[in-house]
$ cat final.tsv   # TSV, C-alpha atoms and all ligand atoms
chain	number	residue	atom	x	y	z
A	28	MET	CA	0.00	0.00	0.00
A	29	LYS	CA	1.20	3.50	-0.79
A	30	LYS	CA	2.43	5.56	2.14
A	31	ARG	CA	0.63	8.79	3.00
A	32	VAL	CA	2.28	12.08	3.86
A	33	CYS	CA	0.62	15.24	5.08
A	34	ILE	CA	2.24	18.55	4.10
A	35	LEU	CA	1.53	21.47	6.42
A	36	TYR	CA	2.28	24.67	4.54
A	37	THR	CA	2.82	27.50	7.01
A	38	GLY	CA	4.53	30.04	4.72
A	39	GLY	CA	8.17	30.95	4.12
A	40	THR	CA	10.22	31.75	1.05
A	41	ILE	CA	9.31	28.50	-0.70
A	42	GLY	CA	5.85	29.84	-1.62
A	43	MET	CA	6.59	33.56	-1.68
A	44	VAL	CA	6.20	36.01	-4.55
A	45	PRO	CA	7.94	39.35	-5.12
A	46	THR	CA	5.79	42.31	-3.98
A	47	GLU	CA	6.47	46.04	-3.70
A	48	GLN	CA	7.42	45.53	-0.06
A	49	GLY	CA	9.68	42.55	-0.80
A	50	TYR	CA	9.00	38.81	-0.84
A	51	ALA	CA	5.77	37.77	0.85
A	52	PRO	CA	3.53	34.68	0.89
A	53	LYS	CA	0.43	34.67	-1.31
A	54	LYS	CA	-2.81	32.85	-0.48
A	55	ARG	CA	-3.87	29.85	-2.58
A	56	TYR	CA	-0.91	30.22	-4.90
A	57	PHE	CA	1.58	27.57	-3.86
A	58	THR	CA	-0.65	24.56	-4.50
A	59	GLY	CA	-0.97	25.71	-8.11
A	60	LEU	CA	2.82	25.67	-8.43
A	61	LEU	CA	2.89	22.11	-7.11
A	62	ASP	CA	0.66	21.01	-10.00
A	63	GLU	CA	3.53	21.84	-12.35
A	64	ILE	CA	6.05	19.55	-10.62
A	65	SER	CA	5.83	16.26	-12.48
A	66	GLN	CA	7.84	14.31	-9.83
A	67	LEU	CA	5.03	14.89	-7.35
A	68	LYS	CA	2.86	12.68	-9.58
A	69	ASN	CA	5.56	10.05	-10.14
A	70	LYS	CA	4.42	6.48	-9.49
A	71	ASP	CA	7.03	6.15	-6.72
A	72	MET	CA	5.85	9.24	-4.90
A	73	PRO	CA	3.85	8.55	-1.75
A	74	ASN	CA	0.31	9.88	-1.66
A	75	TRP	CA	0.29	13.34	-0.18
A	76	ASP	CA	-2.18	15.98	0.91
A	77	ILE	CA	-1.48	19.59	1.65
A	78	VAL	CA	-3.00	21.84	4.33
A	79	GLU	CA	-2.51	25.55	3.71
A	80	PHE	CA	-2.34	27.66	6.86
A	81	ASP	CA	-4.23	30.92	7.13
A	82	PRO	CA	-2.54	33.35	7.39
A	83	LEU	CA	0.62	32.21	5.63
A	84	LEU	CA	3.57	33.70	7.43
A	85	ASP	CA	7.12	34.82	6.98
A	86	SER	CA	8.70	32.84	9.79
A	87	ALA	CA	9.94	36.03	11.39
A	88	ASN	CA	6.29	36.27	12.52
A	89	VAL	CA	6.00	32.70	13.78
A	90	ALA	CA	5.88	32.26	17.56
A	91	VAL	CA	4.21	30.26	20.30
A	92	ASP	CA	0.64	30.38	18.89
A	93	GLU	CA	1.82	29.14	15.51
A	94	TRP	CA	3.82	26.32	17.10
A	95	VAL	CA	0.65	25.26	18.87
A	96	ASN	CA	-1.32	25.38	15.60
A	97	ILE	CA	1.25	23.18	13.85
A	98	GLY	CA	1.22	20.77	16.79
A	99	ARG	CA	-2.59	20.55	16.73
A	100	GLU	CA	-2.69	19.90	12.97
A	101	ILE	CA	-0.24	17.03	13.45
A	102	ARG	CA	-2.11	15.63	16.44
A	103	ASP	CA	-5.48	15.75	14.69
A	104	ARG	CA	-4.14	13.82	11.66
A	105	TYR	CA	-1.60	11.66	13.45
A	106	ASN	CA	-3.28	8.33	12.78
A	107	ASN	CA	-4.13	9.09	9.15
A	108	TYR	CA	-0.58	9.58	7.85
A	109	ASP	CA	2.81	7.86	7.85
A	110	GLY	CA	4.68	11.12	8.22
A	111	PHE	CA	4.49	14.90	8.09
A	112	VAL	CA	6.31	17.64	6.18
A	113	VAL	CA	6.15	21.15	7.60
A	114	LEU	CA	6.89	23.85	5.02
A	115	HIS	CA	8.22	26.79	6.96
A	116	GLY	CA	10.39	29.88	6.51
A	117	THR	CA	14.05	29.33	7.22
A	118	ASP	CA	14.55	32.30	9.57
A	119	THR	CA	13.01	30.67	12.62
A	120	MET	CA	12.76	27.08	11.39
A	121	SER	CA	15.20	25.84	14.03
A	122	TYR	CA	13.12	27.41	16.82
A	123	THR	CA	9.95	25.76	15.50
A	124	ALA	CA	11.70	22.42	15.04
A	125	SER	CA	13.00	22.60	18.61
A	126	ALA	CA	9.61	23.57	20.01
A	127	LEU	CA	7.86	20.72	18.13
A	128	SER	CA	10.45	18.23	19.34
A	129	PHE	CA	9.39	18.97	22.92
A	130	MET	CA	5.68	19.36	22.21
A	131	LEU	CA	5.33	16.05	20.36
A	132	GLU	CA	6.09	13.38	22.92
A	133	GLY	CA	6.27	9.70	22.00
A	134	LEU	CA	6.58	10.52	18.29
A	135	ASP	CA	6.92	7.40	16.17
A	136	LYS	CA	6.67	8.96	12.70
A	137	PRO	CA	8.91	11.47	10.90
A	138	VAL	CA	8.07	15.18	11.11
A	139	VAL	CA	10.32	16.90	8.57
A	140	LEU	CA	10.64	20.67	8.42
A	141	THR	CA	11.85	22.18	5.18
A	142	GLY	CA	11.58	25.26	3.00
A	143	ALA	CA	13.71	27.11	0.50
A	144	GLN	CA	16.21	29.89	0.10
A	145	ILE	CA	14.83	30.76	-3.36
A	146	PRO	CA	11.03	30.80	-3.99
A	147	LEU	CA	9.56	27.95	-6.00
A	148	CYS	CA	8.30	30.44	-8.60
A	149	GLU	CA	11.88	31.35	-9.50
A	150	LEU	CA	14.19	29.61	-11.97
A	151	ARG	CA	16.87	28.33	-9.59
A	152	SER	CA	14.62	27.47	-6.66
A	153	ASP	CA	15.94	24.90	-4.20
A	154	GLY	CA	12.38	24.36	-2.98
A	155	ARG	CA	11.50	21.59	-5.41
A	156	ASP	CA	14.31	19.25	-4.31
A	157	ASN	CA	13.85	20.08	-0.65
A	158	LEU	CA	10.15	19.30	-0.89
A	159	ILE	CA	10.49	16.05	-2.86
A	160	ASN	CA	13.22	14.65	-0.60
A	161	SER	CA	11.33	15.67	2.53
A	162	ILE	CA	8.17	13.89	1.36
A	163	VAL	CA	10.16	10.73	0.65
A	164	ILE	CA	11.93	10.91	4.05
A	165	ALA	CA	8.61	11.54	5.82
A	166	SER	CA	7.12	8.45	4.13
A	167	GLU	CA	10.00	6.11	4.93
A	168	GLY	CA	9.49	6.01	8.68
A	169	VAL	CA	13.19	5.67	9.50
A	170	ALA	CA	13.90	9.00	11.20
A	171	ASN	CA	10.97	9.00	13.61
A	172	GLU	CA	11.66	12.34	15.20
A	173	VAL	CA	11.38	16.06	14.42
A	174	CYS	CA	14.03	16.71	11.80
A	175	LEU	CA	15.00	19.38	9.34
A	176	TYR	CA	15.87	18.62	5.72
A	177	PHE	CA	17.86	21.02	3.61
A	178	ALA	CA	20.17	20.71	0.60
A	179	GLY	CA	21.05	17.04	0.91
A	180	LYS	CA	21.26	16.81	4.68
A	181	LEU	CA	18.77	15.61	7.27
A	182	LEU	CA	19.47	17.17	10.67
A	183	ARG	CA	17.94	16.66	14.09
A	184	GLY	CA	15.59	19.64	14.39
A	185	ASN	CA	16.63	20.65	17.90
A	186	ARG	CA	20.32	20.47	16.96
A	187	SER	CA	20.00	22.66	13.89
A	188	THR	CA	20.78	26.33	13.57
A	189	LYS	CA	20.49	28.70	10.63
A	190	THR	CA	24.04	29.64	9.76
A	191	SER	CA	23.75	31.07	6.27
A	192	ALA	CA	21.51	33.79	4.91
A	193	ASP	CA	22.41	33.08	1.30
A	194	GLU	CA	23.90	29.61	0.81
A	195	LEU	CA	21.47	26.95	-0.36
A	196	MET	CA	22.54	24.93	2.69
A	197	ALA	CA	21.21	27.38	5.26
A	198	PHE	CA	21.57	25.12	8.32
A	199	THR	CA	24.21	23.29	10.28
A	200	SER	CA	24.16	20.91	13.22
A	201	PRO	CA	27.35	21.91	15.00
A	202	ASN	CA	27.14	19.51	17.93
A	203	TYR	CA	25.44	16.45	16.50
A	204	PRO	CA	26.01	14.27	13.44
A	205	VAL	CA	23.70	14.52	10.44
A	206	LEU	CA	20.81	12.03	10.53
A	207	ALA	CA	21.03	11.26	6.82
A	208	ASN	CA	23.02	12.22	3.77
A	209	VAL	CA	20.89	12.48	0.68
A	210	GLY	CA	22.74	11.80	-2.57
A	211	ILE	CA	21.90	9.16	-5.13
A	212	ASP	CA	20.63	7.16	-2.15
A	213	ILE	CA	19.24	8.31	1.17
A	214	LYS	CA	21.85	7.08	3.64
A	215	TYR	CA	20.55	7.19	7.19
A	216	ASN	CA	22.98	7.41	10.05
A	217	HIS	CA	21.09	4.78	12.05
A	218	GLN	CA	23.24	5.15	15.14
A	219	ALA	CA	22.39	8.83	15.42
A	220	LEU	CA	18.61	8.41	15.25
A	221	ILE	CA	16.30	8.50	18.27
A	222	LYS	CA	14.91	5.08	19.05
A	223	PRO	CA	11.27	5.56	20.07
A	224	LYS	CA	10.43	3.83	23.33
A	225	GLN	CA	7.56	1.40	22.90
A	226	ALA	CA	5.88	2.53	26.09
A	227	ASP	CA	5.63	6.21	25.12
A	228	LYS	CA	2.21	7.14	23.81
A	229	PHE	CA	2.00	10.01	21.36
A	230	LYS	CA	0.94	13.17	23.14
A	231	LEU	CA	0.88	16.88	22.30
A	232	THR	CA	1.78	19.44	24.94
A	233	GLU	CA	0.50	22.86	23.97
A	234	LEU	CA	2.89	25.68	24.80
A	235	ARG	CA	1.88	28.99	26.32
A	236	GLN	CA	3.40	32.44	26.33
A	237	VAL	CA	6.00	32.79	29.10
A	238	PRO	CA	8.04	35.90	29.94
A	239	ILE	CA	11.49	34.70	28.94
A	240	GLY	CA	14.43	36.57	27.52
A	241	VAL	CA	17.72	36.06	25.71
A	242	LEU	CA	20.66	38.25	26.55
A	243	LYS	CA	23.82	38.23	24.48
A	244	PHE	CA	26.87	39.62	26.23
A	245	PHE	CA	29.35	41.83	24.45
A	246	PRO	CA	32.44	43.67	25.65
A	247	GLY	CA	31.39	46.90	27.35
A	248	ILE	CA	27.77	45.89	27.99
A	249	GLN	CA	25.99	48.58	30.07
A	250	PHE	CA	23.99	46.26	32.16
A	251	GLU	CA	22.27	49.00	34.16
A	252	LEU	CA	20.07	49.53	31.09
A	253	PHE	CA	18.50	46.07	31.29
A	254	GLU	CA	18.71	45.51	34.99
A	255	GLN	CA	15.05	45.82	35.91
A	256	ILE	CA	13.83	43.70	33.05
A	257	ILE	CA	16.18	40.86	33.88
A	258	SER	CA	15.83	40.85	37.61
A	259	GLU	CA	12.09	41.48	38.05
A	260	ARG	CA	10.08	40.67	34.98
A	261	LEU	CA	11.45	37.47	33.53
A	262	SER	CA	10.59	33.91	34.54
A	263	GLY	CA	13.49	32.56	32.57
A	264	VAL	CA	16.50	33.99	30.81
A	265	VAL	CA	18.98	32.45	28.39
A	266	LEU	CA	22.38	34.08	28.71
A	267	GLU	CA	24.52	33.86	25.58
A	268	THR	CA	27.89	33.89	27.24
A	269	PHE	CA	31.47	33.85	26.02
A	270	GLY	CA	33.22	30.52	25.42
A	271	GLU	CA	32.47	27.90	28.05
A	272	GLY	CA	30.00	30.09	29.95
A	273	ASN	CA	32.03	33.14	30.90
A	274	ILE	CA	30.63	36.59	31.67
A	275	PRO	CA	32.28	39.97	32.34
A	276	SER	CA	32.45	39.17	36.05
A	277	ASN	CA	34.02	42.51	37.00
A	278	ASN	CA	30.80	44.23	35.88
A	279	ARG	CA	29.04	44.53	39.26
A	280	PRO	CA	25.62	45.71	38.03
A	281	LEU	CA	25.51	42.70	35.74
A	282	VAL	CA	26.51	40.16	38.35
A	283	ASN	CA	24.14	41.67	40.92
A	284	SER	CA	21.13	41.64	38.70
A	285	ILE	CA	21.68	38.06	37.56
A	286	LYS	CA	21.94	37.19	41.25
A	287	ARG	CA	18.72	39.06	42.00
A	288	ALA	CA	16.91	37.43	39.07
A	289	SER	CA	17.90	34.05	40.40
A	290	GLU	CA	16.84	34.95	43.95
A	291	ASN	CA	13.47	36.12	42.56
A	292	GLY	CA	12.95	32.65	41.11
A	293	ALA	CA	13.95	33.23	37.48
A	294	ILE	CA	15.54	30.26	35.73
A	295	VAL	CA	18.92	31.51	34.56
A	296	THR	CA	20.31	29.29	31.81
A	297	VAL	CA	23.68	29.55	30.18
A	298	CYS	CA	24.43	28.97	26.51
A	299	SER	CA	27.58	29.81	24.61
A	300	GLN	CA	28.09	32.27	21.78
A	301	CYS	CA	30.29	29.58	20.22
A	302	TYR	CA	28.37	27.30	17.86
A	303	GLN	CA	30.47	24.30	18.62
A	304	GLY	CA	31.32	22.85	22.02
A	305	THR	CA	29.77	22.92	25.42
A	306	THR	CA	29.42	25.23	28.44
A	307	LYS	CA	31.22	24.18	31.60
A	308	LEU	CA	30.39	26.50	34.47
A	309	GLY	CA	33.23	26.95	36.92
A	310	THR	CA	36.04	26.14	34.51
A	311	TYR	CA	37.03	29.79	34.62
A	312	ALA	CA	36.62	32.16	37.53
A	313	THR	CA	34.56	34.36	35.16
A	314	SER	CA	31.76	31.77	35.13
A	315	ASN	CA	31.94	30.80	38.77
A	316	ALA	CA	29.48	33.44	39.97
A	317	LEU	CA	26.82	31.96	37.66
A	318	LYS	CA	27.36	28.58	39.23
A	319	GLU	CA	27.05	30.03	42.70
A	320	PHE	CA	23.73	31.73	41.84
A	321	GLY	CA	22.31	28.37	40.76
A	322	ALA	CA	22.35	29.11	37.02
A	323	VAL	CA	21.95	26.03	34.83
A	324	GLY	CA	24.42	25.19	32.11
A	325	CYS	CA	22.84	24.22	28.79
A	326	TYR	CA	25.87	22.13	27.76
A	327	ASP	CA	25.92	22.05	23.94
A	328	MET	CA	22.27	23.06	23.42
A	329	THR	CA	21.64	25.79	20.86
A	330	THR	CA	20.07	29.04	22.03
A	331	GLU	CA	17.04	28.19	19.86
A	332	THR	CA	16.57	24.95	21.76
A	333	ALA	CA	17.17	26.49	25.18
A	334	VAL	CA	14.42	29.05	24.43
A	335	ALA	CA	11.99	26.39	23.18
A	336	LYS	CA	12.77	24.12	26.13
A	337	LEU	CA	12.05	26.90	28.62
A	338	TYR	CA	8.67	27.53	26.97
A	339	TYR	CA	7.96	23.82	27.13
A	340	LEU	CA	8.98	23.24	30.75
A	341	PHE	CA	7.08	26.29	31.99
A	342	SER	CA	4.05	25.20	29.96
A	343	CYS	CA	4.19	21.79	31.66
A	344	GLY	CA	3.67	23.63	34.95
A	345	TYR	CA	6.79	22.28	36.68
A	346	SER	CA	8.30	23.88	39.77
A	347	GLY	CA	11.45	26.01	39.44
A	348	GLU	CA	13.63	23.23	40.83
A	349	LYS	CA	12.19	20.70	38.40
A	350	ILE	CA	12.68	23.08	35.48
A	351	LYS	CA	16.32	23.52	36.44
A	352	GLU	CA	16.79	19.79	36.70
A	353	LEU	CA	15.16	19.13	33.32
A	354	MET	CA	17.03	21.97	31.60
A	355	GLU	CA	20.14	19.94	32.38
A	356	THR	CA	18.58	16.64	31.32
A	357	ASP	CA	18.50	15.34	27.77
A	358	LEU	CA	14.79	14.97	26.88
A	359	ARG	CA	14.71	14.67	23.08
A	360	GLY	CA	18.30	14.26	21.99
A	361	GLU	CA	18.86	18.02	22.28
A	362	MET	CA	22.02	17.93	24.38
A	363	THR	CA	25.13	15.89	25.09
A	364	LYS	CA	26.22	15.93	28.71
B	401	LIG	N1	12.08	35.38	5.72
B	401	LIG	C1	11.83	34.06	5.21
B	401	LIG	C2	11.11	33.27	6.28
B	401	LIG	O1	11.72	32.90	7.25
B	401	LIG	C3	13.10	33.39	4.83
B	401	LIG	C4	12.98	32.01	4.27
B	401	LIG	O2	11.99	31.35	4.27
B	401	LIG	O3	14.01	31.52	3.75
B	401	LIG	O4	9.93	33.05	6.17

$ encode --input "final.tsv" --output "structure tokens"
Amino acid sequence: MKKRVCILYTGGTIGMVPTEQGYAPKKRYFTGLLDEISQLKNKDMPNWDIVEFDPLLDSANVAVDEWVNIGREIRDRYNNYDGFVVLHGTDTMSYTASALSFMLEGLDKPVVLTGAQIPLCELRSDGRDNLINSIVIASEGVANEVCLYFAGKLLRGNRSTKTSADELMAFTSPNYPVLANVGIDIKYNHQALIKPKQADKFKLTELRQVPIGVLKFFPGIQFELFEQIISERLSGVVLETFGEGNIPSNNRPLVNSIKRASENGAIVTVCSQCYQGTTKLGTYATSNALKEFGAVGCYDMTTETAVAKLYYLFSCGYSGEKIKELMETDLRGEMTK
């Protein structure tokens, strides 16, 4: 029997058209373009259906509500399909992939996010190949996790990060091997794939809006300017620190307000500005204060994933202590300890 794949089209460059304000998605346009792709009707192509979201979005405008909508669409159709393709803009695709990886628990089918750097309506679009390969991968049922396909590589969604604004390969996975290389054959890296546990039942956790923030340090940061926001208003903050988790520790206002944030119950999490490698709090004296305040190290998690994981853990309603513990625990293959 032919496999069935559901395509959720949320927007992004793949279906955009040039407008006076720049590229933008256009309603009920993309499905017409698909009619012109003969491979989509090839006898070896799985059966597929497409659901067009309304409104279609540039992914710069995608956030928690849209993640929930995507999650619901998958949940509602979960038993009717062998796999899902989510067409999405590249700008925040890694955030969405990370969020979905936490929201969709007990997943035992592929959910493949993809899109394009050049719109499908244009001559050199990469969208056609990305779409065709993603549909095939979604139908094969080998990578049963939330992944991201782009330009010949299948990546774990919550390990991906957008690293190029103009190369056709827009994403890398700096701390985890690729899940598959797609050349003449699709070669899965079986060892790297998540093995679904039999006991886990598929379940969607809907995320909610949570006051969290991301703060990137830079030399000379005038921390007084952000102090109140950090220490009083945020439930969680991701610090993008130098190297292995270091901060300008001689900057008293900064150290004091991180301390106060932590005392007020905020979850202070520490990522690195380096793409590759892991944070190790306490290796240098410049990260020791963070350790003493009870900040949690995110190891080699991307900032995108740390943000999505905070949304998820707060949405689950866990206590502060539990959130800290789980931030440092690998839940969906998102970190290496
Ligand atoms: N701005 C676009 C988006 O993220 C970029 C893209 O899709 O490549 O929707």

$ residues_near_ligand --input "final.tsv" --ligand "ligand LIG 401 (chain B)" --cutoff "12 Å" --atoms "all atoms listed in the file" --output "JSON, numbers by chain"
{"A": [36, 37, 38, 39, 40, 41, 42, 43, 44, 49, 50, 51, 52, 83, 84, 85, 86, 87, 88, 89, 90, 114, 115, 116, 117, 118, 119, 120, 121, 122, 123, 140, 141, 142, 143, 144, 145, 146, 147, 152, 153, 154, 177, 189, 190, 191, 192, 193, 194, 195, 196, 197, 198]}

$ residues_around --input "final.tsv" --residues "stretch 303-309 of chain A" --least-positions-apart "4" --cutoff "12 Å" --atoms "only C-alpha atoms" --output "PyMOL selection string"
chain A and resi 186-188+199-203+266-274+296-299+313-330+355+362-364

$ closest_residue --input "final.tsv" --among "A:Ala170, A:Glu251, A:Thr332, A:Gly263" --to "A:His217" --atoms "all atoms listed in the file"
A:Ala170

$ residues_around --input "final.tsv" --residues "A:Lys222" --least-positions-apart "6" --cutoff "10 Å" --atoms "all atoms listed in the file" --output "list in words"
Leu134, Asp135, Val169, Ala170, Asn171 and Glu172 of chain A

$ residues_around --input "final.tsv" --residues "stretch 229-233 of chain A" --least-positions-apart "4" --cutoff "8 Å" --atoms "all atoms listed in the file" --output "VMD selection string"
chain A and resid 95 98 to 99 102 129 to 135 339 342 to 343

$ closest_residue --input "final.tsv" --among "A:Ala312, A:Ile350, A:Val32, A:Leu340" --to "A:Gly292" --atoms "only C-alpha atoms"
A:Ile350

$ axis_aligned_box --input "final.tsv" --around "stretch 34-44 of chain A" --padding-each-side "8 Å" --output "JSON"
{"center_x": 5.9, "center_y": 27.3, "center_z": 1.2, "size_x": 24.7, "size_y": 33.5, "size_z": 27.6}

$ atom_distance --input "final.tsv" --atom1 "atom CA of A:Ala124" --atom2 "atom CA of A:Gly184"
4.8 Å

$ closest_residue --input "final.tsv" --among "A:Lys180, A:Gln225, A:Asp81, A:Phe244" --to "A:Val205" --atoms "only C-alpha atoms"
A:Lys180
